[in-house]
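One file, target_38.tsv, is given below (TSV, C-alpha atoms).
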chain	number	residue	atom	x	y	z
A	1	MET	CA	95.47	121.24	64.73
A	2	ASN	CA	93.61	119.83	67.73
A	3	GLY	CA	95.52	119.98	70.99
A	4	ILE	CA	94.65	118.26	74.23
A	5	GLY	CA	92.74	121.36	75.28
A	6	ASN	CA	90.32	120.97	72.38
A	7	GLU	CA	86.85	120.52	73.91
A	8	GLN	CA	85.81	117.69	71.63
A	9	VAL	CA	89.00	115.71	72.25
A	10	LEU	CA	88.90	116.39	75.97
A	11	ASN	CA	85.29	115.31	76.22
A	12	GLY	CA	86.10	112.23	74.21
A	13	TYR	CA	88.70	111.22	76.78
A	14	MET	CA	86.38	111.93	79.67
A	15	LYS	CA	83.34	109.99	78.48
A	16	PRO	CA	83.25	106.75	80.48
A	17	ASP	CA	82.80	103.42	78.73
A	18	LEU	CA	80.08	101.76	80.76
A	19	GLN	CA	80.49	98.40	78.99
A	20	ARG	CA	82.78	96.66	81.45
A	21	LYS	CA	84.43	93.35	80.60
A	22	ILE	CA	84.70	90.35	82.91
A	23	ASN	CA	88.39	90.61	83.64
A	24	PHE	CA	90.35	87.43	84.43
A	25	ASN	CA	93.75	88.99	83.70
A	26	PRO	CA	96.65	87.73	85.88
A	27	GLY	CA	98.05	91.22	86.42
A	28	PRO	CA	97.56	94.04	86.06
A	29	SER	CA	94.20	92.69	87.08
A	30	LYS	CA	90.67	93.73	87.88
A	31	LEU	CA	90.13	96.50	90.42
A	32	PRO	CA	86.93	96.77	92.49
A	33	THR	CA	84.35	98.96	90.77
A	34	PRO	CA	83.85	101.19	93.85
A	35	VAL	CA	87.60	101.90	93.83
A	36	LEU	CA	87.56	102.97	90.19
A	37	GLU	CA	84.49	105.13	90.75
A	38	ARG	CA	86.06	106.80	93.78
A	39	ALA	CA	89.32	107.43	91.92
A	40	GLN	CA	87.39	108.83	88.97
A	41	SER	CA	85.40	111.21	91.17
A	42	GLU	CA	88.57	112.48	92.86
A	43	LEU	CA	90.83	112.61	89.83
A	44	MET	CA	90.50	116.33	89.14
A	45	ASN	CA	90.02	117.54	92.69
A	46	TYR	CA	91.20	115.36	95.55
A	47	ASN	CA	89.61	116.08	98.93
A	48	GLY	CA	88.73	119.64	97.95
A	49	LEU	CA	92.38	120.61	97.35
A	50	GLY	CA	91.80	121.69	93.74
A	51	ILE	CA	94.49	119.33	92.42
A	52	SER	CA	94.79	115.64	91.59
A	53	VAL	CA	96.78	113.10	93.57
A	54	LEU	CA	98.79	112.84	90.33
A	55	GLU	CA	99.95	116.43	90.93
A	56	MET	CA	100.42	116.25	94.69
A	57	SER	CA	103.77	116.66	96.44
A	58	HIS	CA	104.93	113.39	97.93
A	59	ARG	CA	106.15	115.33	100.96
A	60	SER	CA	102.86	117.09	101.62
A	61	ALA	CA	100.68	116.43	104.65
A	62	ASP	CA	97.89	115.32	102.34
A	63	PHE	CA	99.98	112.59	100.74
A	64	ALA	CA	101.33	111.57	104.15
A	65	ALA	CA	97.71	111.01	105.20
A	66	ILE	CA	97.13	108.75	102.18
A	67	THR	CA	100.25	106.73	102.99
A	68	ASN	CA	99.32	106.43	106.65
A	69	ASP	CA	95.80	105.31	105.74
A	70	ALA	CA	97.22	102.59	103.50
A	71	LYS	CA	99.66	101.41	106.17
A	72	ASN	CA	97.06	101.37	108.92
A	73	SER	CA	94.55	99.52	106.74
A	74	LEU	CA	97.14	96.93	105.76
A	75	LYS	CA	98.30	96.52	109.35
A	76	THR	CA	94.74	95.93	110.53
A	77	LEU	CA	93.72	93.62	107.69
A	78	LEU	CA	96.81	91.42	108.04
A	79	ASN	CA	97.26	91.85	111.80
A	80	ILE	CA	100.86	92.96	111.31
A	81	PRO	CA	102.81	93.02	114.60
A	82	ASP	CA	104.37	96.24	115.86
A	83	ASN	CA	107.94	95.01	115.29
A	84	TYR	CA	107.49	95.06	111.50
A	85	LYS	CA	108.03	97.93	109.08
A	86	ILE	CA	105.76	98.47	106.08
A	87	LEU	CA	107.53	99.91	103.05
A	88	PHE	CA	106.05	101.13	99.76
A	89	LEU	CA	108.71	100.68	97.09
A	90	GLN	CA	109.14	100.61	93.32
A	91	GLY	CA	110.57	98.06	90.90
A	92	GLY	CA	107.88	95.40	91.26
A	93	GLY	CA	108.48	91.85	92.39
A	94	CYS	CA	111.49	91.56	90.06
A	95	GLY	CA	113.13	94.46	91.87
A	96	GLN	CA	112.68	92.55	95.12
A	97	PHE	CA	114.41	89.48	93.67
A	98	SER	CA	117.58	91.58	93.87
A	99	ALA	CA	116.68	93.58	96.97
A	100	VAL	CA	115.99	90.51	99.12
A	101	ALA	CA	119.39	88.99	98.38
A	102	MET	CA	121.31	92.25	98.74
A	103	ASN	CA	119.65	93.02	102.07
A	104	LEU	CA	119.71	89.57	103.67
A	105	ILE	CA	122.34	87.27	102.12
A	106	ALA	CA	125.09	88.66	104.37
A	107	MET	CA	123.27	87.99	107.64
A	108	LYS	CA	125.58	85.00	108.02
A	109	PRO	CA	129.23	84.81	106.91
A	110	THR	CA	128.55	81.90	104.55
A	111	LYS	CA	126.27	84.13	102.41
A	112	THR	CA	123.97	81.25	101.52
A	113	ALA	CA	120.21	81.01	101.08
A	114	ASP	CA	117.71	78.23	100.32
A	115	TYR	CA	115.19	78.78	97.53
A	116	ILE	CA	112.12	76.57	97.13
A	117	VAL	CA	111.49	76.69	93.39
A	118	THR	CA	107.92	75.80	92.43
A	119	GLY	CA	107.43	77.86	89.27
A	120	THR	CA	108.54	80.70	87.04
A	121	TRP	CA	108.81	83.47	89.63
A	122	SER	CA	110.69	81.58	92.33
A	123	ALA	CA	113.06	80.28	89.63
A	124	LYS	CA	113.74	83.84	88.45
A	125	ALA	CA	114.25	85.00	92.03
A	126	ALA	CA	116.80	82.25	92.65
A	127	LYS	CA	118.68	83.07	89.47
A	128	GLU	CA	118.90	86.74	90.47
A	129	ALA	CA	120.05	85.88	93.99
A	130	GLU	CA	122.95	83.81	92.63
A	131	LYS	CA	124.70	87.10	91.82
A	132	TYR	CA	125.14	87.84	95.53
A	133	GLY	CA	125.80	84.53	97.27
A	134	THR	CA	125.51	80.74	97.21
A	135	ILE	CA	121.97	79.63	96.46
A	136	ASN	CA	120.70	76.14	97.27
A	137	ILE	CA	117.82	75.24	94.94
A	138	VAL	CA	115.56	73.00	97.03
A	139	HIS	CA	113.47	71.97	94.02
A	140	PRO	CA	115.54	71.27	90.89
A	141	LYS	CA	114.38	72.77	87.62
A	142	SER	CA	111.73	70.67	85.96
A	143	ASP	CA	109.82	70.68	82.69
A	144	SER	CA	106.62	71.44	84.55
A	145	TYR	CA	105.84	72.67	88.04
A	146	THR	CA	102.85	70.83	89.45
A	147	LYS	CA	103.60	70.26	93.13
A	148	ILE	CA	105.38	71.48	96.26
A	149	PRO	CA	108.45	69.40	97.11
A	150	GLN	CA	109.46	67.93	100.44
A	151	CYS	CA	112.06	70.34	101.77
A	152	THR	CA	115.18	70.00	103.88
A	153	PHE	CA	116.83	73.29	104.73
A	154	ASN	CA	120.34	74.39	105.59
A	155	PRO	CA	120.33	75.51	109.25
A	156	ASN	CA	123.16	77.94	108.43
A	157	ALA	CA	121.31	79.65	105.59
A	158	SER	CA	120.72	83.38	105.91
A	159	TYR	CA	117.10	82.88	104.84
A	160	VAL	CA	114.66	80.54	103.11
A	161	TYR	CA	112.76	81.95	100.13
A	162	TYR	CA	109.59	80.79	98.42
A	163	CYS	CA	106.79	82.17	96.26
A	164	ALA	CA	103.49	81.71	98.11
A	165	ASN	CA	101.51	81.53	94.87
A	166	GLU	CA	102.91	80.97	91.39
A	167	THR	CA	100.74	82.87	88.90
A	168	VAL	CA	102.06	81.03	85.83
A	169	HIS	CA	101.83	77.43	87.02
A	170	GLY	CA	99.03	77.78	89.59
A	171	VAL	CA	100.91	76.26	92.54
A	172	GLU	CA	100.08	77.70	95.97
A	173	PHE	CA	101.41	76.93	99.44
A	174	SER	CA	98.67	76.23	101.98
A	175	ASN	CA	101.12	76.18	104.89
A	176	VAL	CA	104.25	78.07	105.85
A	177	PRO	CA	107.37	75.86	105.61
A	178	GLU	CA	109.02	74.98	108.91
A	179	THR	CA	112.59	76.28	108.83
A	180	ASN	CA	113.56	75.86	112.50
A	181	GLY	CA	114.34	79.52	113.06
A	182	VAL	CA	115.87	80.46	109.70
A	183	PRO	CA	114.12	83.68	108.54
A	184	ILE	CA	111.51	83.12	105.86
A	185	VAL	CA	111.10	85.41	102.85
A	186	THR	CA	108.04	85.04	100.65
A	187	ASP	CA	106.69	86.61	97.49
A	188	MET	CA	102.95	87.11	98.07
A	189	SER	CA	102.34	89.28	95.03
A	190	SER	CA	99.39	87.26	93.79
A	191	ASN	CA	97.73	86.04	96.99
A	192	ILE	CA	98.28	88.71	99.61
A	193	LEU	CA	95.00	89.55	101.36
A	194	SER	CA	93.32	86.42	99.96
A	195	ARG	CA	93.75	84.33	103.12
A	196	HIS	CA	94.90	84.69	106.71
A	197	VAL	CA	98.64	84.35	107.33
A	198	ASP	CA	100.58	84.57	110.56
A	199	ILE	CA	102.90	87.48	109.78
A	200	SER	CA	105.10	86.67	112.78
A	201	LYS	CA	106.34	83.53	110.99
A	202	PHE	CA	108.03	85.62	108.31
A	203	GLY	CA	111.13	87.74	108.12
A	204	VAL	CA	110.08	89.50	104.91
A	205	ILE	CA	106.91	89.50	102.82
A	206	PHE	CA	106.74	91.42	99.57
A	207	ALA	CA	103.96	91.90	97.06
A	208	GLY	CA	103.62	93.79	93.80
A	209	ALA	CA	100.26	95.52	94.15
A	210	GLN	CA	98.95	95.00	90.63
A	211	LYS	CA	97.55	91.52	91.15
A	212	ASN	CA	95.44	91.65	94.31
A	213	ILE	CA	95.72	94.93	96.18
A	214	GLY	CA	96.08	97.75	93.67
A	215	CYS	CA	97.55	98.84	90.38
A	216	ALA	CA	101.06	98.57	88.95
A	217	GLY	CA	103.73	100.88	90.31
A	218	VAL	CA	104.03	100.12	94.02
A	219	THR	CA	105.42	97.09	95.83
A	220	VAL	CA	104.66	96.42	99.48
A	221	VAL	CA	107.47	95.13	101.68
A	222	ILE	CA	106.72	93.96	105.22
A	223	ILE	CA	109.96	93.36	107.10
A	224	ARG	CA	110.81	92.43	110.68
A	225	GLU	CA	112.81	95.26	112.21
A	226	ASP	CA	115.77	93.11	113.33
A	227	LEU	CA	116.50	92.28	109.66
A	228	LEU	CA	116.98	95.86	108.53
A	229	SER	CA	120.73	96.31	108.89
A	230	PHE	CA	122.42	93.57	106.87
A	231	ALA	CA	122.61	95.03	103.37
A	232	ILE	CA	125.80	94.37	101.44
A	233	PRO	CA	127.88	97.51	100.68
A	234	GLU	CA	127.03	97.27	96.99
A	235	CYS	CA	123.29	97.52	97.64
A	236	PRO	CA	121.88	100.72	96.06
A	237	SER	CA	120.25	102.99	98.61
A	238	ILE	CA	116.95	102.85	96.71
A	239	LEU	CA	116.84	99.07	97.32
A	240	ASN	CA	118.20	99.25	100.87
A	241	TYR	CA	115.42	98.38	103.31
A	242	LYS	CA	116.96	100.38	106.15
A	243	SER	CA	117.34	103.49	103.98
A	244	GLN	CA	113.73	103.22	102.94
A	245	ALA	CA	112.51	102.51	106.48
A	246	ASP	CA	114.49	105.45	107.88
A	247	THR	CA	112.89	107.81	105.33
A	248	ASN	CA	109.35	106.37	105.61
A	249	SER	CA	109.59	105.11	101.99
A	250	LEU	CA	110.48	108.61	100.82
A	251	TYR	CA	114.12	108.09	99.89
A	252	ASN	CA	112.99	109.11	96.41
A	253	THR	CA	109.63	110.13	94.94
A	254	PRO	CA	107.32	107.13	95.46
A	255	SER	CA	104.57	105.92	93.17
A	256	CYS	CA	102.07	108.33	94.65
A	257	PHE	CA	99.00	107.50	92.58
A	258	SER	CA	99.59	103.75	92.92
A	259	ILE	CA	99.77	104.11	96.71
A	260	TYR	CA	96.54	106.11	96.61
A	261	ILE	CA	94.79	103.38	94.58
A	262	MET	CA	96.10	100.76	96.99
A	263	SER	CA	94.72	102.73	99.93
A	264	LEU	CA	91.29	102.67	98.25
A	265	VAL	CA	91.51	98.91	97.59
A	266	LEU	CA	92.42	98.29	101.22
A	267	LYS	CA	89.46	100.39	102.37
A	268	TRP	CA	87.24	98.39	100.04
A	269	ALA	CA	88.59	95.13	101.48
A	270	THR	CA	87.81	96.38	104.97
A	271	SER	CA	84.29	97.44	103.96
A	272	VAL	CA	83.37	93.99	102.60
A	273	GLY	CA	84.43	92.26	105.82
A	274	GLY	CA	88.18	91.84	105.65
A	275	VAL	CA	90.34	88.81	104.95
A	276	SER	CA	87.99	86.23	106.48
A	277	VAL	CA	85.18	87.19	104.10
A	278	LEU	CA	87.52	87.42	101.10
A	279	PHE	CA	88.93	83.97	101.91
A	280	LYS	CA	85.46	82.40	101.96
A	281	GLU	CA	84.62	84.06	98.65
A	282	ASN	CA	87.88	82.88	97.11
A	283	CYS	CA	87.23	79.30	98.22
A	284	ILE	CA	83.77	79.36	96.67
A	285	LYS	CA	85.07	80.79	93.39
A	286	SER	CA	88.01	78.42	93.02
A	287	ASN	CA	85.97	75.38	94.06
A	288	LEU	CA	83.40	76.24	91.40
A	289	LEU	CA	86.06	76.34	88.73
A	290	TYR	CA	88.04	73.29	89.83
A	291	SER	CA	84.89	71.16	90.19
A	292	THR	CA	83.90	72.12	86.65
A	293	ILE	CA	87.33	71.03	85.40
A	294	ASP	CA	87.35	67.79	87.41
A	295	ASN	CA	83.80	66.84	86.42
A	296	SER	CA	84.28	67.41	82.68
A	297	GLU	CA	85.16	63.74	82.02
A	298	GLY	CA	88.60	64.69	80.80
A	299	PHE	CA	87.64	67.51	78.45
A	300	TYR	CA	89.28	70.00	80.81
A	301	SER	CA	92.36	69.18	82.86
A	302	CYS	CA	94.45	70.93	85.50
A	303	PRO	CA	98.03	69.66	85.82
A	304	VAL	CA	98.55	70.86	89.41
A	305	GLU	CA	98.28	68.36	92.26
A	306	LYS	CA	95.07	68.93	94.22
A	307	ASN	CA	96.77	69.65	97.54
A	308	CYS	CA	98.55	72.72	96.15
A	309	ARG	CA	96.11	74.12	93.60
A	310	SER	CA	96.00	77.89	93.63
A	311	SER	CA	92.82	79.70	94.64
A	312	MET	CA	94.02	82.76	92.72
A	313	ASN	CA	95.33	81.45	89.37
A	314	VAL	CA	93.74	78.40	87.78
A	315	PRO	CA	95.62	77.02	84.74
A	316	PHE	CA	93.87	74.37	82.67
A	317	ARG	CA	93.79	72.73	79.27
A	318	ALA	CA	90.77	72.15	77.02
A	319	GLY	CA	90.20	69.30	74.60
A	320	GLY	CA	91.98	66.58	76.58
A	321	GLU	CA	94.71	66.11	79.16
A	322	ASN	CA	97.40	67.86	77.11
A	323	GLY	CA	95.04	70.31	75.45
A	324	ASP	CA	94.03	70.72	71.83
A	325	PRO	CA	95.41	73.99	70.38
A	326	GLU	CA	92.48	74.44	68.02
A	327	ILE	CA	89.90	73.78	70.71
A	328	GLU	CA	91.68	76.17	73.09
A	329	LYS	CA	91.82	78.85	70.41
A	330	LYS	CA	88.05	78.51	69.90
A	331	PHE	CA	87.55	78.68	73.67
A	332	LEU	CA	89.39	81.98	73.95
A	333	VAL	CA	87.62	83.50	70.93
A	334	GLU	CA	84.18	82.50	72.21
A	335	ALA	CA	84.97	83.69	75.74
A	336	GLU	CA	86.04	87.08	74.46
A	337	SER	CA	82.86	87.36	72.40
A	338	LEU	CA	81.03	87.02	75.73
A	339	ASP	CA	83.16	89.84	77.21
A	340	MET	CA	85.42	87.51	79.20
A	341	ILE	CA	89.04	88.57	78.79
A	342	GLY	CA	92.49	87.65	80.12
A	343	LEU	CA	92.00	83.86	79.88
A	344	LYS	CA	94.97	82.99	77.70
A	345	GLY	CA	97.61	80.95	79.52
A	346	HIS	CA	101.09	82.31	80.08
A	347	ARG	CA	103.21	82.24	76.93
A	348	THR	CA	105.67	79.75	78.49
A	349	VAL	CA	103.05	77.09	79.27
A	350	GLY	CA	100.14	77.81	76.92
A	351	GLY	CA	96.62	76.65	77.56
A	352	ILE	CA	94.08	78.66	79.52
A	353	ARG	CA	94.28	80.42	82.86
A	354	ALA	CA	91.63	82.17	84.94
A	355	SER	CA	92.79	84.54	87.67
A	356	LEU	CA	90.26	84.84	90.50
A	357	TYR	CA	91.61	87.69	92.57
A	358	ASN	CA	89.66	89.30	95.39
A	359	SER	CA	87.82	91.74	93.14
A	360	VAL	CA	86.53	89.01	90.79
A	361	SER	CA	83.00	88.24	91.95
A	362	GLN	CA	81.18	84.95	92.43
A	363	GLU	CA	78.76	86.02	89.72
A	364	GLU	CA	81.58	86.57	87.23
A	365	THR	CA	83.07	83.20	88.11
A	366	LYS	CA	79.68	81.53	87.62
A	367	LYS	CA	79.41	83.06	84.15
A	368	LEU	CA	82.79	81.57	83.25
A	369	VAL	CA	81.74	78.18	84.60
A	370	GLU	CA	78.45	78.25	82.68
A	371	PHE	CA	80.34	79.03	79.49
A	372	MET	CA	82.84	76.24	80.16
A	373	ARG	CA	80.07	73.67	80.63
A	374	ASP	CA	78.29	74.77	77.48
A	375	PHE	CA	81.53	74.82	75.48
A	376	CYS	CA	82.36	71.32	76.69
A	377	LYS	CA	78.99	69.97	75.50
A	378	ARG	CA	79.42	71.52	72.06
A	379	HIS	CA	83.04	70.53	71.47
A	380	ARG	CA	83.52	67.28	73.39
A	381	ASN	CA	83.45	65.01	70.34
A	382	GLN	CA	85.41	67.21	67.93
Just dump the structure as C-alpha cells.
Amino acid sequence: MNGIGNEQVLNGYMKPDLQRKINFNPGPSKLPTPVLERAQSELMNYNGLGISVLEMSHRSADFAAITNDAKNSLKTLLNIPDNYKILFLQGGGCGQFSAVAMNLIAMKPTKTADYIVTGTWSAKAAKEAEKYGTINIVHPKSDSYTKIPQCTFNPNASYVYYCANETVHGVEFSNVPETNGVPIVTDMSSNILSRHVDISKFGVIFAGAQKNIGCAGVTVVIIREDLLSFAIPECPSILNYKSQADTNSLYNTPSCFSIYIMSLVLKWATSVGGVSVLFKENCIKSNLLYSTIDNSEGFYSCPVEKNCRSSMNVPFRAGGENGDPEIEKKFLVEAESLDMIGLKGHRTVGGIRASLYNSVSQEETKKLVEFMRDFCKRHRNQ
C-alpha cells in the first residue's frame, strides 16, 4: 500500500501545475503570483530554520517577526495612527458579527446600535447583533440591494455599523458616513487596501483576509484603543478585543500560516507602489468592465446605481435587463473553456459576478472584457 512517503506519490504532489487560471473568485480569491512562488520556495525550509511555518511555534521569535512584519506593513500601507491596535483573529467576518456587538454594544446604557443594511453581509451582521442589544436597521430589508440609503442616526447609539463593500450585491460606499461622533464600525473584508481611507474616522475596522489581503484563516481587526474595555460579561475571551490586544493576538494559537501569507501579500502591495497605485489599477479595471456592460445596448446589465458601484465585485446579467438563464449558462461555460473561473453570481441573486481584487491584473480584466464583447456579438439576437 502506498503511503504519503512513497516517492511517486510525494513527487506527484510536489509537481507544480503551471497552467494557471484567470481567477475571478469572490473569496477565497486570487493571490499574487510572487506571493505563491515565495511561499512555495519557503514551504519546506523557512528562512534557513529547517522547518516550515506550518510547523513553527506561535510563541517563537521567528513567528513574532512574521507577525510584526505584517503589522508594520499594514500600518504603513493604511497609515494607521498610533492609538489603534491591530489584531489578527480567527472566525472570519461572521465571527466579527458577534464580536463587534459583544465588545461595543454596552458602551452606552441603552445598548443600541445603528446598522446600515445594503446587502447580504450587513444584513447578517445586524441579525447577529440583535442577540445582544437593540438594533436599528437604517435600511429596511428589500428584495434587491442596489443603492446606499440616506441615513439618519441615533445620537445615543453605541456605534454605527456598515459594510464598506458588499460582495454579493456589488454595492460600495465611496464616502464614510457622518455620524456626529458616534463610533463607526465597518466590515472592509472585500475592499481593504483597494483605496485610501482615513483610519481616524473609524472606531473599528475588520477584514477577513481571504478576499483582498491573504488567504482564509485570519481576520484583521483595527480598533481604537479607547474602545477596548466595553465587552459584555458573556463575551468569550477569544472574541474579547482587550484580551486579544493584551496578549498580542496570542490568547490562543493563531492562524500562523495565514498570517505569514498575509505578510507576503502586504510586502507585495508595498513593492508595487502601495494603496495609491492599487487604487488607480482598480479604477482602470472596474471602469473597463462597467463601460463594457453599459455600452452593450442592453445585452449586459448591472442593477447597482452608478454612484455606488463596487470596484471590487461587479455583478451583472447577460441576455437582457433581468438576464436569460440559458444565455448566462452559456456565458459561464464558454468563459471556463477560456480558463476564466469564479464568474458565477452568488446563489442568492444568480447571474454573473466578476471580482477584481488587487491581485487581478489589467491584462486579465481585458481578456474578460474581450470575451464579453465577442459573446455579446454572437448571442445578441438569440
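All protein and nucleic acid residues in the vicinity of (112.9, 90.8, 90.6), that is within 10 Å when counting all atoms listed in the file, are Gly91, Gly92, Gly93, Cys94, Gly95, Gln96, Phe97, Ser98, Ala99, Val100, Trp121, Ser122, Lys124, Ala125, Ala126, Lys127, Glu128 and Ala129 of chain A.
Relative to CA of Phe202 in chain A, CA of Ile223 in chain A is found at 8.1 Å.
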Checklist entry - Which one of A:Arg373, A:Lys280, A:Lys267, A:Lys211 sits closest to Asn313 in chain A if you count all atoms listed in the file? => result A:Lys211
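Between CA of Gly50 in chain A and CA of Val35 in chain A the separation is 20.2 Å.
When CA of Arg195 in chain A is paired with CA of Asn79 in chain A, their separation reads 12.0 Å.
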Next on the checklist: Give me, as a list in words, all polymer residues having an atom no more than 10 Å from range 262-265 of chain A, counting only C-alpha atoms and skipping those fewer than 6 positions away in the same chain.
Outcome noted: Leu31, Pro32, Thr33, Pro34, Val35, Leu36, Arg38, Ala39, Ile66, Thr67, Asn68, Asp69, Ala70, Lys71, Asn72, Ser73, Leu74, Ala209, Gln210, Asn212, Ile213, Gly214, Cys215, Ala216, Val218, Val220, Cys256, Ser271 and Ser359 of chain A
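Here the residues that fall within 8 Å of (90.6, 74.5, 75.1), using all atoms listed in the file, are given as Tyr300, Arg317, Ala318, Gly319, Gly323, Asp324, Pro325, Glu326, Ile327, Glu328, Lys329, Lys330, Phe331, Leu332, Gly351 and Ile352 of chain A.
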Next on the checklist: For a quick check of understanding, using only C-alpha atoms, which of A:Ile192, A:Leu278, A:Ile80, A:Val168 has the smallest distance to Gly119 in chain A?
Outcome noted: A:Val168
Next on the checklist: If we count only C-alpha atoms and set the cut-off at 8 Å, which residues sit around Ile222 in chain A, ignoring sequence neighbours fewer than 4 positions away in its own chain? Please answer as a list in words.
Outcome noted: Tyr84, Lys85, Ile86, Leu87, Val204, Ile205 and Phe206 of chain A
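Closest approach to Tyr290 in chain A among A:Ala123, A:Ala335, A:Cys163, A:Leu356: A:Leu356, based on all atoms listed in the file.
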